[in-house]
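Written below as structure tokens is the structure these notes are about.
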Amino acid sequence: MEQTNPYIKQFPELFKGKKILYVHGFASSGQSGTVSRIRTVLPNAEVIAPDLPVHPQEALDLLNKVCAQEQPDLIIGTSMGGMYAEQLRGYDRILVNPALQMAESMKEHNMMGTQHFQNPRQDGVQDFFVDKALVKEYKEITERCFEGITDEERQHVWGLFGDEDTTVHTLDIFREHYCTAIRFHGEHRMNDQSFMHAVMPVVRWIDDRQEGRERPIIYIDVATLRDQYAKPVSSCQKTIRTLLENYQLYFVAPSENVSYDEVTVWLYDYINVPAYAHTVFTQRKDLLYGDYLIDTQKTEGMATLIQFGTDTFKTWDDIAEYFSRLGGQ
């Protein structure tokens, strides 16, 4: 895939020498655009993407066999593939807009009758037929989701849910069983932007955890992000998404006279990076333990101060240039 989209970057250090299993969605194949996207962004990872049988039990049997043979370091499943990935226990997994109620989705979106595969398949088959018996098979397979999951298992599953997804609506069901559900700006189908801004930060967290890698911590006071009209300051979103590639980010807001919901909703609406549970409410920024603090005030503390609005750091572009020179240190 040619890198003509400005959102696409390569991260050769992530999942280097590791295996990623991609599980595609309904009427798709291992030749989907998402597979090409993963291979482009993570060039040193081995991406395994089998074509799935139409019958769900056959598909799950195939996936279990692939997992036993390949022992993937990460499984990414989208839509129907997210439903299958949930049942592949014992692996780190990212479920993107998972169709955890597949039979209901098939009925709701008129997926009955002759269907056409959206991407080429190795067996050359182009069409398949969906009848009531097949819908029943999907209903039975999805009823096995969440069976026997443990607290340990919950630590290995991330759910990503697009706020413009009109195809599946399983966020609440997922939250009943898993602790890490992240919403992002995007539709049901992944594109370059949603993959880079929603999926890649989670991929990075998982690789960091697997490798025991700790990244420098940057605390960002929310006041540096908003202008007097509560709109985002120029270039702040772009800079934060760049910083997230090399640093662990936390947002900081006062613990008094501030609405928790207002702050978190604003960060979601305007910044929209999946730094879940990374908002700190405190009156003592001087006690924050980390490497850097980006603040409008001259705060003395344990973190190196980057004072936003001064001559040196007048804009977020200035901050981006400073951290670019540091190279992730």
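Labels used: A, B, ... for chains in the order of the structure tokens, numbers from 1 for residues in each chain, and numbers from 1 for ligands as shown.
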- Task: Determine which residues of region 67-281 of chain A receive a DSSP assignment of strand (DSSP E), computed from the backbone, and state them as JSON, numbers by chain.
- Result: {"A": [74, 75, 76, 77, 78, 93, 94, 95, 96, 113, 114, 115, 116, 127, 128, 129, 130, 157, 158, 159, 160, 161, 162, 181, 182, 183, 184, 217, 218, 219, 220, 221, 248, 249, 250, 251, 252, 253, 279, 280, 281]}
- Task: Would you mind writing down, as number ranges by chain, each residue of region 82-316 of chain A that DSSP on the backbone assigns to helix (DSSP H, G or I)?
- Result: A: 82-86, 102-108, 132-142, 151-154, 171-175, 192-211, 222-224, 236-243, 260-271, 285-287, 316
- Message: Report as a list in words all protein, DNA and RNA residues lying within 6 Å of Ile75 (chain A), evaluated on only C-alpha atoms, omitting residues in the same chain fewer than 5 positions from it.
- Response: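 Close residues of Ile75 (chain A): Ile20, Leu21, Tyr22 and Arg93 of chain A.
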Restrict the selected residues to N, CA and C atoms and save them as a CSV table (one decimal), in the first residue's frame.
```csv
chain,number,residue,atom,x,y,z
A,20,ILE,N,1.2,-11.2,14.6
A,20,ILE,CA,-0.1,-10.6,14.8
A,20,ILE,C,-1.1,-11.4,14.0
A,21,LEU,N,-2.1,-11.9,14.6
A,21,LEU,CA,-3.2,-12.6,13.9
A,21,LEU,C,-4.3,-11.6,13.7
A,22,TYR,N,-4.7,-11.4,12.5
A,22,TYR,CA,-5.9,-10.5,12.2
A,22,TYR,C,-7.1,-11.4,11.8
A,93,ARG,N,-5.6,-9.3,23.1
A,93,ARG,CA,-6.5,-9.1,22.0
A,93,ARG,C,-7.1,-7.7,21.9
```
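The nearest approach to Ala133 (chain A) among the residues A:Pro43, A:His55, A:Gln118, A:Gly162, with only C-alpha atoms taken into account, belongs to A:His55.
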- Using only C-alpha atoms, the shortest atom-to-atom distance to Tyr270 (chain A) among A:Cys236, A:Leu326, A:Ile8, A:Leu244 belongs to A:Cys236
- Task: Using only C-alpha atoms, pick whichever of A:Glu176, A:Asp269, A:Glu137, A:Glu143 has the shortest atom-to-atom distance to Glu58 (chain A).
- Result: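 Distance minimum relative to Glu58 (chain A) lands on A:Glu137.
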Could you produce a table of the residues of region 246-265 of chain A lying within 12 Å of region 198-212 of chain A, with the nearest pair of atoms per residue and their separation in Å rounded to one decimal, using only C-alpha atoms, ordered by chain and increasing residue number, as a Markdown table?
```
| residue | atom | partner | partner_atom | distance |
| --- | --- | --- | --- | --- |
| A:Asn246 | CA | A:Arg204 | CA | 9.2 |
| A:Tyr247 | CA | A:Arg204 | CA | 10.4 |
| A:Gln248 | CA | A:Trp205 | CA | 9.1 |
| A:Leu249 | CA | A:Pro201 | CA | 11.0 |
```
Selected residues written out with all heavy atoms, as a compact mmCIF listing (two decimals), in the first residue's frame:
```txt
# COMPACT_ATOMS: atom_id res chain seq x y z
N ASN A 246 5.75 8.27 21.61
CA ASN A 246 6.98 8.01 22.36
C ASN A 246 6.85 8.19 23.87
O ASN A 246 7.77 7.82 24.61
CB ASN A 246 8.09 8.95 21.87
CG ASN A 246 8.51 8.66 20.45
OD1 ASN A 246 8.96 7.56 20.13
ND2 ASN A 246 8.36 9.64 19.57
N TYR A 247 5.72 8.75 24.32
CA TYR A 247 5.58 9.07 25.73
C TYR A 247 4.27 8.53 26.29
O TYR A 247 3.31 8.28 25.56
CB TYR A 247 5.62 10.59 25.93
CG TYR A 247 6.92 11.23 25.50
CD1 TYR A 247 7.09 11.72 24.20
CD2 TYR A 247 8.00 11.35 26.38
CE1 TYR A 247 8.28 12.30 23.79
CE2 TYR A 247 9.20 11.93 25.98
CZ TYR A 247 9.33 12.39 24.69
OH TYR A 247 10.51 12.96 24.29
N GLN A 248 4.25 8.39 27.61
CA GLN A 248 3.02 8.06 28.33
C GLN A 248 2.40 9.38 28.76
O GLN A 248 3.04 10.18 29.46
CB GLN A 248 3.34 7.20 29.56
CG GLN A 248 2.12 6.66 30.27
CD GLN A 248 1.46 5.53 29.53
OE1 GLN A 248 0.72 5.77 28.57
NE2 GLN A 248 1.69 4.31 29.96
N LEU A 249 1.17 9.64 28.34
CA LEU A 249 0.54 10.93 28.57
C LEU A 249 -0.53 10.84 29.65
O LEU A 249 -1.31 9.88 29.70
CB LEU A 249 -0.09 11.47 27.29
CG LEU A 249 0.82 11.61 26.06
CD1 LEU A 249 0.05 12.30 24.94
CD2 LEU A 249 2.09 12.38 26.39
```
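Closest to Phe308 (chain A) among A:Gly327, A:His177, A:Val233, A:Ile76 is A:Val233, based on only C-alpha atoms.
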- Task: Have a look at A:Gln155, A:Asn119, A:Gln283, A:Thr34 and name the one nearest to Gly77 (chain A); count only C-alpha atoms.
- Result: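 Answer, going by the shortest atom-to-atom distance: A:Thr34.
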